[in-house]
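Novice: I'd like to ask you about the structure that follows.
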Amino acid sequence: MRRTPFLSSFVLLLIALILSLAIGSVFISPKEIWQVVLGHGSETFTSILWKIRLPRTVLIALTGAALGGSGATYQGLFRNPLADPFLIGVASGAGLGAVIAMSIHWPYSYWGLMAIPLSAFVAALLTVFIVYSLARVGNTIPTTNLILAGVAFSSFATSLTSFLMLRSTGEVRRALGWLLGGASQSGWTAILAIMPYLLIGIGVLVFSGHALNLLQFGDDQAQQLGLNVTRTKRILLAASSLSTAAAVAFSGIIGFIGLIVPHLIRLWFGPDYRRLLPLSILGGATALLICDVVARVIIAPQEIPVGIITALVGAPFFLWVLRHAKNQGYW
Amino acid sequence: MLRKTLLLTLLIALMTACAPQATATTAPVATTVPATEAPTIVPTSAPKDIHLTDGLGREIILASPAQHVVSLAPSNTEILFAVGAGSQVVGRDEFSDYPAEAKSVASVGGSMGQYSAEAIVALKPDLVLAAEINTPELVKQLEDLGLTVYYLKNPTTLEGMYANLGIVGQLTGHDVTELVDSLKARVAAVDEKIAPLSSRPTVFYEIDATDASKPYSYGPGTFGDLLIQRAGGVNLVTLAGIADSYPQVSLEQIVATNPTVIILGDSMWGVTIESVQARPGWEGIDALKNKNVFAFDDNLVSRPGPRLVDGLEQLAKLLHPDAFK
C-alpha cells in the first residue's frame, strides 16, 4: 500500500463511492442496485438511487476533496500542524452569511432557496478577503499576522452569528442543522452550482505541491530559491478559499476532515507536498464519504448531520494511527 | 488592484454563468410533477379535484383525496388522526407520539431537522404533509423527487387551527364539520365559565429552566400565551411587557411580578414541584408558598392541533378550580 499510494487511494475512494451508493436508510440489495443500473429496476429504487443517493454521494465526495486539499494547503502555507481550511474565516464567514440569509423570509422560489448558499459563499470569500487585507504589511503577508487576523475576525463573525440566531427564534433549527454540516439542499442543483468553483480550486491545488515544498523552507529562503512568495501565497489562499467556500455553502460546516486527512496522509506517505496534496484530495473525499455512510445508518431511518460524525469517528481513528505511527517526528 | 478587480469580475461572471444553467436543470424537474398528474385530472374528474394553496404559496392539486400520507410533524400527525385519516398515515416523523397508534407507523426521521428522503420515497406517499418546523429546502427536495407536498402553516388563533383541520380533511377526504363544532362547543363552555369570574391570576408558564435564573416562557404570538389568557389568567410575560415569543425571563422579574400560579411545561423532563421549591431564590414566590405549582403536558399548548382545546380546558381547571368543580 505504501509503495503505491495513488493506486491504493483510488481503490479506497472507489470502495467508499460504492458503499455510499449501496448503503442508505432504505435497504436496496446489490441485485436490485444492479437492475437499477441496467435501467429496469423498480421506480422507487431508481428514484432513490439516481435522485437521492448519487447526487449526495457526488456532493459529499467533492466537499471532502475540497476540505482535504485545502487543509493540506493551509498546513503547508502556514507551516502549522493545527491549520485547517477554516483557519482564516471561511467557516465563520459562511456561517454568518447563511444565518443572515436565513433571517430574511424569502418567498418559496428557486432564488429564494439559493439565497442561503449564495450568501454563505459570498460572505466566506469576503471574510477571507478582509482578513487578508488586514494582515497585509506593504507587499508581504506575514503568516503570523494572517493567522491572528483570521482567528480574531472569525471570532467576531461567530459571535455575530450566535447573536442573530438568538434573535430569530423561528430559524434556529434551520441554522443549527446547517452549522453542524447537514446539506441544506440536495439533488443535482447544488452540485451544478458549486462545480465550477470546486474544480478551479482543486485544479490549482493539485499542481501546487512544488511551490508548497519550497515554502516549507520559510518565506525568505523560498524567495531566494526563485519562488514569488507573495504571489504564490495569494494564489493558494484564493484557490483553497474558493473550493472550501463552495463546498461549505451547500454542505454546511464540516469540521475535522480538513485537519486530520492531511496528517494521516503525511503519517503514511511522508511530507512531500507533490504527493501530499493530491492524496489529501482523494483521502478527504474517501473519509467524508465513509463518515456520511455512518451518519446515514447509525440510527436509521434517522440521519444525523455528518459534521457530528467526522470527529466522532475520525478522532479515535486518527489517535490510533498516531499512536502506532513509526515516524513519530513526522511533521 | 487591477488583478483584484479582475478576480472579482471573474467571480461574479462565474456565479452568474452557473446560475441559469442550474435553473434550466431544475425547471424540467419542477414541470414534470404536475405533468404526470395532468392526464388523470384534466379530462374526467374535474369536479373532484382538490385544489389548494399551501403555506409557502404553492399550488397543490390532488386528483382525489390522498390515501398514503407521510406526516412530518407531531401536530400534523395529531390532526390527521383527529380528522379520521389515521389509517391513511403511512409515515411519520420521529417525534409523532400521539395518539398511541401513531407510534406503530414507520418513522422517517426528524431529529435535528434531518429527515430521510429515501425512507419517505420508499413509502410511496401520494401526499407529504409538512409543517412550519420543516425547512423550505426539505420541501424543495421532496418536490424534486416528484412527491406532492403540502406545507401546513402554523395557525396563530384557534380559528386558524380549525381552518387547518378543514384543509387536512379536504386533502384526505374527511368531513371535519362535526369535529370542529365539538371543539368550538368545548371552547365556548370554558368561555362561559370564565366570563363571570372576576379573578385573573398571574401565571408563569415554564418551558425550560435548565438555567433556573432565567427560564424560557411563552410570549405574545404563541398558543401558550393565548390559552393562558383564554383560560382566565394573565401571562407574566405579557404583564412584564416582554415582546419576544419565546423569551428568557429573569428570576428577578419573576420574583418582582410574583405569579399566583406556576405551570411546569417542562414536567416531562423531570421538573417537579419539589425541584422548583429547592431552587435558590424561588422560595418567596406566592405560587410556591401556596403550592400552586402544577405539572403540565406542554404538548397540549406547543403542538398546533386539536389538542389545544384539551390544553385550554386543563389550564382553565388549574387556574380556576372552583369554577370547574
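Residue numbers start at 1 in each chain; chains themselves are named A, B, ... in the order of the C-alpha cells; ligands are numbered from 1 in the order shown.
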Using only C-alpha atoms, select each residue of chain A with any atom at most 7 Å away from an atom of chain B, and give the selection as a list in words.
Specialist: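 Every residue of chain A that passes the 7 Å test is in Ser25, Val26, Thr44, Ile48, Lys51, Ile52, Tyr108, Leu113, Arg173, Arg174, Gly177, Ser184, Gln185, Ser186, Gly187, Thr189, Leu192, Ala193, Pro301, Gln302, Glu303 and Ile304 of chain A.
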Novice: Just list as an MDAnalysis selection string whatever in range 90-296 of chain A DSSP marks as alpha helix (DSSP H).
Specialist: chainID A and resid 90:102 110:135 143:167 172:179 188:206 209:215 219:224 229:251 257:269 273:296
Novice: Mind pulling up the distance from CA of Leu152 in chain B to CA of Pro107 in chain A?
Specialist: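 One can read the CA of Pro107 in chain A to CA of Leu152 in chain B distance as 15.4 Å.
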Novice: Counting only C-alpha atoms, figure out which residue out of B:Ala231, B:Ile242, B:Leu129, B:Ile79 gets nearest to Val180 in chain B.
Specialist: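 Of the candidates, the smallest distance to Val180 in chain B is held by B:Ile79.
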Novice: Pick out the closest residue to Ile254 in chain B from this set: B:Met268, B:Val203, B:Ile194, B:Val83. Count only C-alpha atoms.
Specialist: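 Nearest candidate to Ile254 in chain B out of B:Met268, B:Val203, B:Ile194, B:Val83: B:Val203.
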Novice: Residues at most 12 Å from Thr232 in chain A, counting only C-alpha atoms, excluding those fewer than 4 positions away in the same chain, as a PyMOL selection string?
Specialist: chain A and resi 73+77+140-141+204-205+207-215+219+222-223+226-228+236-239
